[in-house]
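**Q** Okay, so here is start33.txt, and as you'll see once you scroll down, it has compact mmCIF, C-alpha atoms.
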# COMPACT_ATOMS: atom_id res chain seq x y z
CA MET A 1 -25.62 -2.47 4.22
CA THR A 2 -28.19 -1.27 6.72
CA ALA A 3 -28.40 2.32 7.86
CA LEU A 4 -28.00 1.00 11.40
CA VAL A 5 -24.31 0.32 10.69
CA ALA A 6 -23.57 2.89 8.01
CA VAL A 7 -24.86 6.04 9.72
CA PRO A 8 -22.82 5.71 12.96
CA ALA A 9 -19.81 4.81 10.84
CA LEU A 10 -20.32 7.96 8.74
CA VAL A 11 -20.59 10.07 11.91
CA TRP A 12 -17.43 8.47 13.32
CA VAL A 13 -15.43 9.06 10.11
CA THR A 14 -16.61 12.69 10.11
CA VAL A 15 -15.28 13.07 13.67
CA LEU A 16 -12.01 11.50 12.49
CA VAL A 17 -11.81 14.01 9.60
CA VAL A 18 -12.16 16.87 12.09
CA VAL A 19 -9.44 15.40 14.33
CA GLY A 20 -7.32 14.87 11.20
CA GLY A 21 -7.64 18.58 10.49
CA LEU A 22 -6.30 19.17 13.99
CA ALA A 23 -3.33 16.89 13.21
CA LEU A 24 -2.77 18.92 10.04
CA LEU A 25 -2.60 22.14 12.05
CA ARG A 26 -0.36 20.62 14.74
CA GLY A 27 2.32 19.33 12.35
CA GLN A 28 5.79 20.66 13.23
CA ASP A 29 7.15 20.90 9.71
CA VAL A 30 5.90 20.65 6.17
CA LEU A 31 6.50 16.88 5.86
CA GLN A 32 4.45 16.09 8.95
CA ARG A 33 1.65 18.20 7.49
CA LEU A 34 1.98 16.24 4.25
CA ILE A 35 1.54 13.01 6.23
CA ALA A 36 -1.59 14.40 7.91
CA LEU A 37 -2.93 15.51 4.51
CA ASP A 38 -2.40 12.03 3.06
CA LEU A 39 -4.25 10.58 6.05
CA LEU A 40 -7.10 13.05 5.48
CA ALA A 41 -7.39 11.93 1.86
CA VAL A 42 -7.70 8.31 3.02
CA LEU A 43 -10.40 9.34 5.51
CA VAL A 44 -12.35 11.08 2.75
CA VAL A 45 -12.00 7.96 0.58
CA ALA A 46 -13.55 5.96 3.43
CA LEU A 47 -16.30 8.59 3.74
CA LEU A 48 -17.15 8.30 0.04
CA ALA A 49 -17.16 4.50 0.24
CA LEU A 50 -19.54 4.58 3.21
CA LEU A 51 -21.82 7.04 1.43
CA SER A 52 -21.88 4.71 -1.56
CA TYR A 53 -22.86 1.76 0.67
CA LEU A 54 -25.59 3.78 2.41
CA ARG A 55 -27.22 5.16 -0.72
CA GLY A 56 -26.54 2.16 -2.95
CA VAL A 57 -24.83 4.27 -5.63
CA PRO A 58 -21.73 2.41 -6.90
CA HIS A 59 -20.45 5.48 -8.76
CA TYR A 60 -19.43 7.25 -5.54
CA LEU A 61 -16.67 4.61 -5.32
CA ASP A 62 -15.37 5.88 -8.68
CA ALA A 63 -14.92 9.24 -7.04
CA ALA A 64 -13.17 7.53 -4.12
CA VAL A 65 -10.65 5.76 -6.38
CA ALA A 66 -10.06 8.95 -8.37
CA LEU A 67 -9.45 10.86 -5.14
CA ALA A 68 -6.95 8.23 -3.98
CA LEU A 69 -5.14 8.57 -7.32
CA LEU A 70 -5.04 12.36 -7.12
CA SER A 71 -3.79 12.24 -3.54
CA LEU A 72 -0.98 9.86 -4.59
CA VAL A 73 0.11 12.19 -7.39
CA ALA A 74 -0.08 15.23 -5.13
CA THR A 75 1.90 13.54 -2.34
CA VAL A 76 4.65 12.23 -4.63
CA ALA A 77 4.96 15.58 -6.44
CA THR A 78 5.16 17.56 -3.19
CA ALA A 79 7.65 15.12 -1.64
CA ARG A 80 9.91 15.26 -4.69
CA TYR A 81 9.72 19.03 -4.70
CA LEU A 82 10.67 19.14 -1.02
CA ALA A 83 13.46 16.58 -1.49
CA THR A 84 15.25 18.78 -4.00
CA GLY A 85 15.33 21.67 -1.53
CA GLY A 86 12.77 24.03 -3.05
CA PRO A 87 12.72 26.15 -6.18
CA LEU A 88 15.89 28.11 -5.40
CA GLU A 89 18.33 25.19 -5.75
CA MET B 1 4.23 -17.74 -23.46
CA ILE B 2 2.47 -18.38 -20.16
CA GLY B 3 3.74 -15.04 -18.94
CA ILE B 4 2.12 -13.20 -21.85
CA LEU B 5 -1.14 -15.09 -21.38
CA LEU B 6 -1.15 -14.29 -17.65
CA ARG B 7 -0.58 -10.59 -18.28
CA VAL B 8 -3.42 -10.45 -20.82
CA VAL B 9 -5.78 -12.29 -18.44
CA ALA B 10 -4.85 -10.04 -15.50
CA LEU B 11 -5.31 -6.82 -17.50
CA THR B 12 -8.63 -8.06 -18.94
CA GLY B 13 -9.78 -8.90 -15.42
CA LEU B 14 -8.91 -5.39 -14.25
CA TYR B 15 -10.79 -3.90 -17.22
CA LEU B 16 -13.87 -6.02 -16.47
CA LEU B 17 -13.72 -4.99 -12.80
CA VAL B 18 -13.62 -1.32 -13.78
CA VAL B 19 -16.56 -1.56 -16.21
CA SER B 20 -18.17 -4.15 -13.86
CA SER B 21 -19.90 -6.25 -16.49
CA THR B 22 -19.35 -9.66 -18.09
CA LYS B 23 -21.02 -9.03 -21.46
CA LEU B 24 -19.32 -10.68 -24.43
CA GLY B 25 -18.57 -7.35 -26.10
CA ASP B 26 -16.88 -5.99 -22.98
CA ILE B 27 -14.75 -9.13 -22.65
CA ALA B 28 -13.68 -8.84 -26.31
CA THR B 29 -12.80 -5.15 -25.89
CA GLY B 30 -10.86 -6.00 -22.74
CA VAL B 31 -8.84 -8.76 -24.44
CA VAL B 32 -8.00 -6.48 -27.39
CA LEU B 33 -6.93 -3.60 -25.13
CA ALA B 34 -4.91 -5.92 -22.84
CA SER B 35 -3.10 -7.52 -25.81
CA LEU B 36 -2.25 -4.07 -27.14
CA VAL B 37 -0.83 -2.96 -23.78
CA VAL B 38 1.18 -6.19 -23.38
CA ALA B 39 2.55 -5.94 -26.95
CA VAL B 40 3.61 -2.31 -26.47
CA GLY B 41 5.15 -3.19 -23.11
CA ARG B 42 7.19 -6.03 -24.61
CA ARG B 43 8.47 -3.87 -27.44
CA HIS B 44 9.42 -1.12 -24.98
CA ARG B 45 11.25 -3.60 -22.76
CA ARG B 46 13.14 -5.11 -25.68
CA THR B 47 14.51 -1.71 -26.68
CA SER B 48 15.35 -0.49 -23.16
CA ALA B 49 16.60 -3.64 -21.37
CA PRO B 50 19.70 -5.46 -22.69
CA THR B 51 18.49 -9.08 -22.98
CA PRO B 52 15.34 -10.49 -21.43
CA ALA B 53 16.51 -13.90 -20.26
CA PRO B 54 14.55 -16.72 -21.91
CA THR B 55 12.47 -18.64 -19.40
CA SER B 56 11.16 -22.16 -19.83
CA THR B 57 7.56 -23.11 -19.21
CA ARG B 58 8.55 -25.21 -16.19
CA ALA B 59 10.41 -22.33 -14.58
CA THR B 60 7.37 -20.07 -15.05
CA LEU B 61 5.07 -22.70 -13.55
CA ARG B 62 7.44 -23.14 -10.60
CA ARG B 63 7.36 -19.38 -10.03
CA LEU B 64 3.56 -19.35 -10.23
CA ALA B 65 3.35 -22.11 -7.62
CA GLY B 66 5.00 -19.71 -5.17
CA VAL B 67 2.40 -16.95 -5.60
CA PRO B 68 -0.02 -18.23 -2.89
CA THR B 69 2.87 -18.36 -0.40
CA LEU B 70 3.90 -14.85 -1.43
CA ILE B 71 0.44 -13.37 -0.95
CA GLY B 72 -0.42 -15.37 2.18
CA GLY B 73 2.96 -14.66 3.77
CA THR B 74 2.62 -10.96 3.02
CA VAL B 75 -0.82 -10.92 4.65
CA VAL B 76 0.68 -12.59 7.75
CA ASP B 77 3.49 -10.00 7.77
CA VAL B 78 0.96 -7.16 7.49
CA VAL B 79 -1.08 -8.51 10.41
CA THR B 80 1.91 -8.99 12.72
CA GLY B 81 3.40 -5.64 11.65
CA SER B 82 0.08 -3.87 12.29
CA ALA B 83 -0.07 -5.39 15.77
CA ASP B 84 3.45 -4.07 16.47
CA VAL B 85 2.60 -0.57 15.26
CA ILE B 86 -0.71 -0.51 17.20
CA ARG B 87 1.23 -1.37 20.36
CA CYS B 88 3.67 1.48 19.66
CA CYS B 89 0.88 3.95 18.80
CA LEU B 90 -0.88 3.36 22.11
CA GLY B 91 2.23 2.99 24.24
CA ARG B 92 5.72 4.36 23.75
CA PRO B 93 7.79 3.53 20.66
CA PRO B 94 10.81 1.59 22.04
CA ASP B 95 13.71 2.87 19.95
CA PRO B 96 13.00 4.05 16.39
CA GLY B 97 15.89 4.01 13.94
CA LEU B 98 17.17 3.36 10.41
CA VAL B 99 18.53 -0.05 9.37
CA TRP B 100 20.21 -1.17 6.12
CA LEU B 101 18.90 -4.46 4.73
CA PRO B 102 21.72 -5.72 2.46
CA THR B 103 21.91 -8.43 -0.24
CA GLY B 104 18.28 -8.75 -1.17
CA PRO B 105 16.86 -9.25 -4.67
CA THR B 106 18.82 -8.77 -7.88
CA SER B 107 16.49 -7.60 -10.67
CA PRO B 108 14.45 -4.37 -10.86
CA SER B 109 11.07 -6.13 -10.78
CA SER B 110 12.13 -8.07 -7.68
CA PHE B 111 13.15 -4.79 -6.08
CA ALA B 112 9.71 -3.37 -6.88
CA ALA B 113 8.02 -6.40 -5.32
CA TRP B 114 10.23 -6.23 -2.23
CA GLY B 115 9.62 -2.50 -1.88
CA ILE B 116 5.85 -2.96 -2.07
CA ARG B 117 6.02 -5.82 0.45
CA LEU B 118 8.11 -3.74 2.87
CA GLY B 119 5.99 -0.64 2.29
CA ILE B 120 2.56 -2.22 2.77
CA THR B 121 3.76 -3.70 6.08
CA PRO B 122 3.22 -0.90 8.61
CA ASN B 123 6.25 -1.71 10.79
CA THR B 124 8.80 -1.02 8.02
CA VAL B 125 9.02 2.17 5.95
CA VAL B 126 11.29 2.11 2.88
CA VAL B 127 13.53 5.19 3.02
CA GLU B 128 16.18 4.59 0.38
CA VAL B 129 16.77 1.99 -2.35
CA ASP B 130 20.33 1.25 -3.49
CA GLU B 131 20.04 -0.95 -6.57
CA GLU B 132 23.78 -1.20 -7.15
CA ARG B 133 24.52 -2.61 -3.72
CA GLY B 134 21.23 -4.52 -3.66
CA ALA B 135 20.28 -2.96 -0.35
CA VAL B 136 17.26 -1.16 1.08
CA LEU B 137 17.31 1.37 3.93
CA VAL B 138 14.24 0.91 6.13
CA HIS B 139 12.97 2.69 9.23
CA VAL B 140 11.71 0.48 12.05
CA LEU B 141 10.16 1.40 15.38
CA ASP B 142 12.35 -1.00 17.38
CA ALA B 143 15.94 -0.73 16.18
CA HIS B 144 17.92 -1.35 19.37
CA ASP B 145 19.08 -4.66 17.84
CA PRO B 146 19.65 -4.12 14.08
CA GLU B 147 20.91 -7.68 13.52
CA THR B 148 17.56 -9.18 14.61
CA VAL B 149 15.67 -6.83 12.27
CA ARG B 150 17.97 -7.85 9.40
CA ASP B 151 17.60 -11.56 10.12
CA GLU B 152 13.81 -11.32 10.36
CA GLN B 153 13.42 -9.41 7.10
CA MET B 154 15.84 -11.63 5.19
CA ALA B 155 14.09 -14.77 6.51
CA SER B 156 10.77 -13.32 5.35
CA TYR B 157 12.29 -12.51 1.95
CA ARG B 158 13.71 -16.01 1.53
CA SER B 159 10.66 -17.96 2.61
CA ARG B 160 8.06 -15.79 0.88
CA GLN B 161 9.44 -13.95 -2.10
CA GLN B 162 12.55 -15.70 -3.40
CA ARG B 163 10.66 -18.36 -5.37
CA VAL B 164 8.58 -15.85 -7.33
CA PHE B 165 10.86 -12.80 -7.51
CA PRO B 166 14.46 -13.97 -6.95
CA MET C 1 -29.35 -16.53 5.73
CA ILE C 2 -26.43 -15.67 3.43
CA SER C 3 -27.50 -12.05 3.58
CA VAL C 4 -27.33 -12.00 7.39
CA VAL C 5 -23.87 -13.62 7.37
CA LEU C 6 -22.63 -11.08 4.81
CA ASP C 7 -24.07 -8.23 6.90
CA VAL C 8 -22.23 -9.46 9.98
CA VAL C 9 -18.95 -9.99 8.08
CA GLY C 10 -19.25 -6.54 6.46
CA GLY C 11 -19.99 -4.92 9.80
CA LEU C 12 -16.98 -6.59 11.43
CA LEU C 13 -14.68 -5.53 8.57
CA LEU C 14 -16.02 -1.98 8.83
CA VAL C 15 -15.42 -1.83 12.59
CA LEU C 16 -11.91 -3.24 12.11
CA GLY C 17 -11.09 -0.71 9.38
CA LEU C 18 -12.45 2.26 11.32
CA GLY C 19 -10.60 1.07 14.43
CA LEU C 20 -7.33 0.95 12.50
CA MET C 21 -7.97 4.47 11.14
CA THR C 22 -8.68 5.77 14.63
CA ILE C 23 -5.50 4.22 16.03
CA ALA C 24 -3.53 5.61 13.09
CA LEU C 25 -4.85 9.10 13.80
CA VAL C 26 -3.98 8.76 17.49
CA GLY C 27 -0.51 7.61 16.45
CA VAL C 28 -0.01 10.53 14.07
CA LEU C 29 -1.03 12.94 16.83
CA ARG C 30 1.09 11.30 19.57
CA MET C 31 4.31 10.15 17.89
CA GLN C 32 7.36 12.35 17.57
CA GLY C 33 9.42 12.50 14.40
CA THR C 34 8.48 12.24 10.73
CA TYR C 35 9.39 8.57 10.25
CA SER C 36 7.44 7.44 13.31
CA LYS C 37 4.38 9.33 12.10
CA LEU C 38 4.77 7.56 8.76
CA HIS C 39 4.48 4.19 10.51
CA ALA C 40 1.20 5.24 12.10
CA GLN C 41 -0.09 6.70 8.84
CA SER C 42 0.64 3.56 6.84
CA LEU C 43 -1.64 1.71 9.28
CA ALA C 44 -4.55 3.70 7.82
CA THR C 45 -3.47 3.98 4.18
CA GLY C 46 -2.73 0.24 3.91
CA PRO C 47 -4.84 -2.18 5.97
CA GLY C 48 -7.36 0.41 7.23
CA VAL C 49 -8.75 1.57 3.90
CA CYS C 50 -8.57 -2.02 2.53
CA PHE C 51 -10.85 -3.23 5.34
CA VAL C 52 -13.32 -0.38 4.79
CA LEU C 53 -13.44 -1.14 1.05
CA ALA C 54 -13.73 -4.89 1.74
CA SER C 55 -16.82 -4.27 3.86
CA SER C 56 -18.62 -3.63 0.55
CA VAL C 57 -19.48 -7.37 0.56
CA ALA C 58 -22.41 -6.43 2.81
CA THR C 59 -24.06 -4.39 0.04
CA GLU C 60 -24.45 -7.51 -2.18
CA ASN C 61 -24.21 -5.27 -5.23
CA ALA C 62 -21.89 -6.56 -7.96
CA ALA C 63 -20.94 -3.11 -9.26
CA THR C 64 -20.09 -1.80 -5.78
CA ILE C 65 -18.01 -4.86 -4.90
CA SER C 66 -16.06 -4.75 -8.18
CA TYR C 67 -15.26 -1.04 -7.77
CA ALA C 68 -14.15 -1.76 -4.21
CA ALA C 69 -11.90 -4.56 -5.50
CA VAL C 70 -10.30 -2.12 -7.96
CA GLY C 71 -9.83 0.27 -5.05
CA ILE C 72 -8.12 -2.41 -2.93
CA VAL C 73 -5.72 -3.43 -5.74
CA PHE C 74 -4.93 0.21 -6.37
CA THR C 75 -4.36 0.97 -2.69
CA VAL C 76 -2.02 -1.99 -2.17
CA LEU C 77 0.10 -0.92 -5.14
CA THR C 78 0.24 2.82 -4.41
CA ALA C 79 0.28 3.26 -0.62
CA PRO C 80 3.96 2.17 -0.38
CA VAL C 81 4.91 4.63 -3.16
CA ALA C 82 3.50 7.63 -1.30
CA SER C 83 5.06 6.68 2.02
CA HIS C 84 8.44 5.99 0.37
CA ALA C 85 8.32 9.40 -1.34
CA ILE C 86 7.72 11.14 1.99
CA ALA C 87 10.43 9.10 3.78
CA ARG C 88 12.95 9.88 1.03
CA ALA C 89 12.15 13.59 1.23
CA ALA C 90 12.61 13.44 5.01
CA ARG C 91 16.08 11.88 4.60
CA ARG C 92 17.11 14.38 1.91
CA ARG C 93 16.08 17.21 4.22
CA GLY C 94 18.34 15.77 6.90
CA ALA C 95 15.86 14.36 9.40
CA GLU C 96 17.53 12.53 12.29
CA ALA C 97 19.95 9.73 12.84
CA GLU C 98 22.57 7.55 11.22
CA PRO C 99 21.64 4.15 9.82
CA ARG C 100 22.62 1.24 12.07
How does this structure look as structure tokens?
**A**
Amino acid sequence: MTALVAVPALVWVTVLVVVGGLALLRGQDVLQRLIALDLLAVLVVALLALLSYLRGVPHYLDAAVALALLSLVATVATARYLATGGPLE
Amino acid sequence: MIGILLRVVALTGLYLLVVSSTKLGDIATGVVLASLVVAVGRRHRRTSAPTPAPTSTRATLRRLAGVPTLIGGTVVDVVTGSADVIRCCLGRPPDPGLVWLPTGPTSPSSFAAWGIRLGITPNTVVVEVDEERGAVLVHVLDAHDPETVRDEQMASYRSRQQRVFP
Amino acid sequence: MISVVLDVVGGLLLVLGLGLMTIALVGVLRMQGTYSKLHAQSLATGPGVCFVLASSVATENAATISYAAVGIVFTVLTAPVASHAIARAARRRGAEAEPR
């Protein structure tokens, strides 16, 4: 992929990550923040994929898949923890 | 028999994608690892599930013939669902609400397939799964007419999934 | 020739994926209620990231494309799990409304 496409895309995803941080701060309760956090993880996955296309290093995509996996585990664990009503129940 | 072969081929394919090579040694390693996983999985299922119903080769082939419809239909559902959600994101969501979808699939694997199909489609979010009643509680953005939602989802289930995952 | 076609296809897929992610972010910021935000978010975690990974065809590098394929398979299987976990937690915590 040419830098002509990849560099603007990288800049755009970076802007999206910043706006995603804003969404994280604006969440009204903990679940809405969890949703924003999941979205941020997806944006970072896209960022890593684009970086891999730009530099021609396939191993960045490994990091992207691993990050997606970690974000799944984190999301499911947090959601289950919240569903049971916290540590005091 | 075909089922076992398919599982081994699919797992070997995944292994080869991960190591991204087609050398003979890698293929052999992949086949050995995939057979091991399939064997362990079968033994585990035999001890935990009551009786895995015997399936004939023809039934398996008939199920396999439905896979293109399943995947293609799901892609169509995802595209139309995405269009709906984009419209709601940029405008106003009409009337979000929860809807029960009753009398769907019967076996656990069919439930898993239905859940993934409903979950990957952006316009339905799976909230609760009731395996005893065979029903799924979904959240939709336009729930002012629950009957229409139910009819649409059940029609999609029947035409796309029922042949492969009854 | 093939290379140009692949570049164009990859670019289109990339634009589509990034567009979906942008709309999803707008939706998460604008919509009210946890479930509605989940709809917008699953626009990015499902089709959005799949399109961005699919645009790897433009690199014409076998290793990159195969990793991206693994990523797509993985995303399709796991995105519904995460969104179901959040939706279930929202219901257990008593968010809004009776089922119809």
**Q** Neighbouring residues of region 83-94 of chain C were defined as those with any atom within 9 Å, considering all atoms listed in the file; residues of the same chain fewer than 3 positions away were excluded. Please report them as a PDB file with C-alpha atoms, in the frame of the given file.
**A**
ATOM      1  CA  LEU A  31       6.500  16.880   5.860  1.00  0.00           C
ATOM      2  CA  LEU A  34       1.980  16.240   4.250  1.00  0.00           C
ATOM      3  CA  ILE A  35       1.540  13.010   6.230  1.00  0.00           C
ATOM      4  CA  THR A  75       1.900  13.540  -2.340  1.00  0.00           C
ATOM      5  CA  VAL A  76       4.650  12.230  -4.630  1.00  0.00           C
ATOM      6  CA  ALA A  77       4.960  15.580  -6.440  1.00  0.00           C
ATOM      7  CA  THR A  78       5.160  17.560  -3.190  1.00  0.00           C
ATOM      8  CA  ALA A  79       7.650  15.120  -1.640  1.00  0.00           C
ATOM      9  CA  ARG A  80       9.910  15.260  -4.690  1.00  0.00           C
ATOM     10  CA  TYR A  81       9.720  19.030  -4.700  1.00  0.00           C
ATOM     11  CA  LEU A  82      10.670  19.140  -1.020  1.00  0.00           C
ATOM     12  CA  ALA A  83      13.460  16.580  -1.490  1.00  0.00           C
ATOM     13  CA  THR A  84      15.250  18.780  -4.000  1.00  0.00           C
ATOM     14  CA  GLY A  85      15.330  21.670  -1.530  1.00  0.00           C
TER      15      GLY A  85
ATOM     16  CA  GLY B 115       9.620  -2.500  -1.880  1.00  0.00           C
ATOM     17  CA  GLY B 119       5.990  -0.640   2.290  1.00  0.00           C
ATOM     18  CA  VAL B 125       9.020   2.170   5.950  1.00  0.00           C
ATOM     19  CA  VAL B 126      11.290   2.110   2.880  1.00  0.00           C
ATOM     20  CA  VAL B 127      13.530   5.190   3.020  1.00  0.00           C
ATOM     21  CA  GLU B 128      16.180   4.590   0.380  1.00  0.00           C
ATOM     22  CA  HIS B 139      12.970   2.690   9.230  1.00  0.00           C
TER      23      HIS B 139
ATOM     24  CA  THR C  34       8.480  12.240  10.730  1.00  0.00           C
ATOM     25  CA  TYR C  35       9.390   8.570  10.250  1.00  0.00           C
ATOM     26  CA  LEU C  38       4.770   7.560   8.760  1.00  0.00           C
ATOM     27  CA  HIS C  39       4.480   4.190  10.510  1.00  0.00           C
ATOM     28  CA  GLN C  41      -0.090   6.700   8.840  1.00  0.00           C
ATOM     29  CA  SER C  42       0.640   3.560   6.840  1.00  0.00           C
ATOM     30  CA  THR C  78       0.240   2.820  -4.410  1.00  0.00           C
ATOM     31  CA  ALA C  79       0.280   3.260  -0.620  1.00  0.00           C
ATOM     32  CA  PRO C  80       3.960   2.170  -0.380  1.00  0.00           C
ATOM     33  CA  ALA C  97      19.950   9.730  12.840  1.00  0.00           C
TER      34      ALA C  97
END
**Q** Got a sec: who's within 9 Å of Ala9 (chain A), counting all atoms listed in the file, leaving out chain neighbours fewer than 3 positions off, as an mmCIF file with C-alpha atoms, in the coordinates of the input?
**A**
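Okay, this is what ended up in part-v7.cif:
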data_model
loop_
_atom_site.group_PDB
_atom_site.id
_atom_site.type_symbol
_atom_site.label_atom_id
_atom_site.label_comp_id
_atom_site.auth_asym_id
_atom_site.auth_seq_id
_atom_site.Cartn_x
_atom_site.Cartn_y
_atom_site.Cartn_z
ATOM 1 C CA VAL A 5 -24.310 0.320 10.690
ATOM 2 C CA ALA A 6 -23.570 2.890 8.010
ATOM 3 C CA TRP A 12 -17.430 8.470 13.320
ATOM 4 C CA VAL A 13 -15.430 9.060 10.110
ATOM 5 C CA THR A 14 -16.610 12.690 10.110
ATOM 6 C CA LEU A 47 -16.300 8.590 3.740
ATOM 7 C CA LEU A 50 -19.540 4.580 3.210
ATOM 8 C CA LEU C 14 -16.020 -1.980 8.830
ATOM 9 C CA VAL C 15 -15.420 -1.830 12.590
ATOM 10 C CA LEU C 18 -12.450 2.260 11.320
#
**Q** Please identify all polymer residues within 10 Å of Val31 (chain B), counting all atoms listed in the file, omitting same-chain residues fewer than 6 positions from it, and present them as an NGL selection string.
**A** :B and (8-13 or 15-16 or 25 or 37)
**Q** Mind dumping a table of every chain B residue within 12 Å of chain A, with the nearest atom pair and its distance in Å to one decimal, using all atoms listed in the file, sorted by chain and rising number, as JSON lines?
**A**
{"residue": "B:Leu17", "atom": "CA", "partner": "A:Asp62", "partner_atom": "CA", "distance": 11.7}
{"residue": "B:Val18", "atom": "CA", "partner": "A:Asp62", "partner_atom": "CA", "distance": 9.0}
{"residue": "B:Val19", "atom": "CA", "partner": "A:Asp62", "partner_atom": "CA", "distance": 10.7}
{"residue": "B:Ser20", "atom": "CA", "partner": "A:Pro58", "partner_atom": "CA", "distance": 10.2}
**Q** What is the CA of Val99 (chain B)-CA of Leu137 (chain B) distance in Å, reported with one decimal?
**A**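 Atom-to-atom, CA of Val99 (chain B) and CA of Leu137 (chain B) are spaced 5.8 Å apart.
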**Q** Show me, as AutoDock Vina command-line options, the centre and edge lengths in Å to one decimal of the axis-aligned box that covers every listed atom of region 61-76 of chain A with 8 Å on each side.
**A**
--center_x -6.0 --center_y 9.9 --center_z -5.5 --size_x 37.3 --size_y 26.6 --size_z 22.3
**Q** For Val73 (chain C), list every protein, DNA or RNA residue within 12 Å, evaluated using only C-alpha atoms, and leave out those in the same chain fewer than 6 positions away; present the list as JSON, numbers by chain.
**A** {"A": [65, 68], "B": [10, 13, 14, 17, 18, 120], "C": [46, 47, 49, 50, 53, 54, 66, 67, 79]}
**Q** What does the distance from CA of Ile2 (chain B) to CA of Leu61 (chain B) come to in Å, to one decimal?
**A**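 We find that CA of Ile2 (chain B) and CA of Leu61 (chain B) lie 8.3 Å from each other.
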**Q** To one decimal in Å, tell me the separation between CA of Asn61 (chain C) and CA of Gly30 (chain B).
**A**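 If I compute the distance from CA of Asn61 (chain C) to CA of Gly30 (chain B), I get 22.0 Å.
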**Q** Please return, as a list in words, all polymer residues that have at least one atom within 10 Å of the point (19.5, -10.2, 8.3); use only C-alpha atoms and the file's own coordinate frame.
**A**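 Checked against the point, the hits come out as Trp100, Leu101, Pro102, Thr103, Gly104, Pro146, Glu147, Thr148, Val149, Arg150, Asp151, Glu152, Gln153, Met154, Ala155, Ser156 and Tyr157 of chain B.
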**Q** Looking at A:Val44, A:Val17, A:Val11, A:Leu39, which one is nearest to chain C, with distances taken over all atoms listed in the file?
**A**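 Residue with the minimum atom-to-atom distance to chain C: A:Leu39.
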**Q** Quick one: residues within 9 Å of Gly66 (chain B), all atoms listed in the file, excluding same-chain residues fewer than 4 positions away - as a VMD selection string?
**A** chain B and resid 61 to 62 70 to 71 160 to 164
**Q** Could you tell me which of C:Gly27, C:Ala44, C:Thr64, C:Val52 comes closest to chain B if we count all atoms listed in the file?
**A**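 That would be C:Gly27, the residue with the smallest distance to chain B.
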**Q** Pick out the closest residue to chain B from this set: C:Val5, C:Ile23, C:Gly11, C:Phe51. Count all atoms listed in the file.
**A**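 Ranking C:Val5, C:Ile23, C:Gly11, C:Phe51 by distance to chain B, first place goes to C:Ile23.
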**Q** Using all atoms listed in the file, find the one residue out of A:Arg26, A:Leu51, A:Val45, A:Leu37 that sits nearest to Pro8 (chain A).
**A**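 Using all atoms listed in the file, Pro8 (chain A) sits closest to A:Leu51.
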**Q** What residues have an atom no more than 9 Å from (4.3, 17.4, 13.5) in the file's own frame, counting only C-alpha atoms, and can you write them as a compact mmCIF listing (two decimals) with C-alpha atoms, keeping the file's coordinate frame?
**A**
# COMPACT_ATOMS: atom_id res chain seq x y z
CA ALA A 23 -3.33 16.89 13.21
CA LEU A 24 -2.77 18.92 10.04
CA LEU A 25 -2.60 22.14 12.05
CA ARG A 26 -0.36 20.62 14.74
CA GLY A 27 2.32 19.33 12.35
CA GLN A 28 5.79 20.66 13.23
CA ASP A 29 7.15 20.90 9.71
CA VAL A 30 5.90 20.65 6.17
CA LEU A 31 6.50 16.88 5.86
CA GLN A 32 4.45 16.09 8.95
CA ARG A 33 1.65 18.20 7.49
CA ILE A 35 1.54 13.01 6.23
CA ALA A 36 -1.59 14.40 7.91
CA VAL C 28 -0.01 10.53 14.07
CA LEU C 29 -1.03 12.94 16.83
CA MET C 31 4.31 10.15 17.89
CA GLN C 32 7.36 12.35 17.57
CA GLY C 33 9.42 12.50 14.40
CA THR C 34 8.48 12.24 10.73
CA LYS C 37 4.38 9.33 12.10
**Q** From the list C:Ala58, C:Val76, C:Leu13, C:Leu20, which residue is nearest chain A when using all atoms listed in the file?
**A**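 Comparing C:Ala58, C:Val76, C:Leu13, C:Leu20 against chain A, the winner is C:Ala58.
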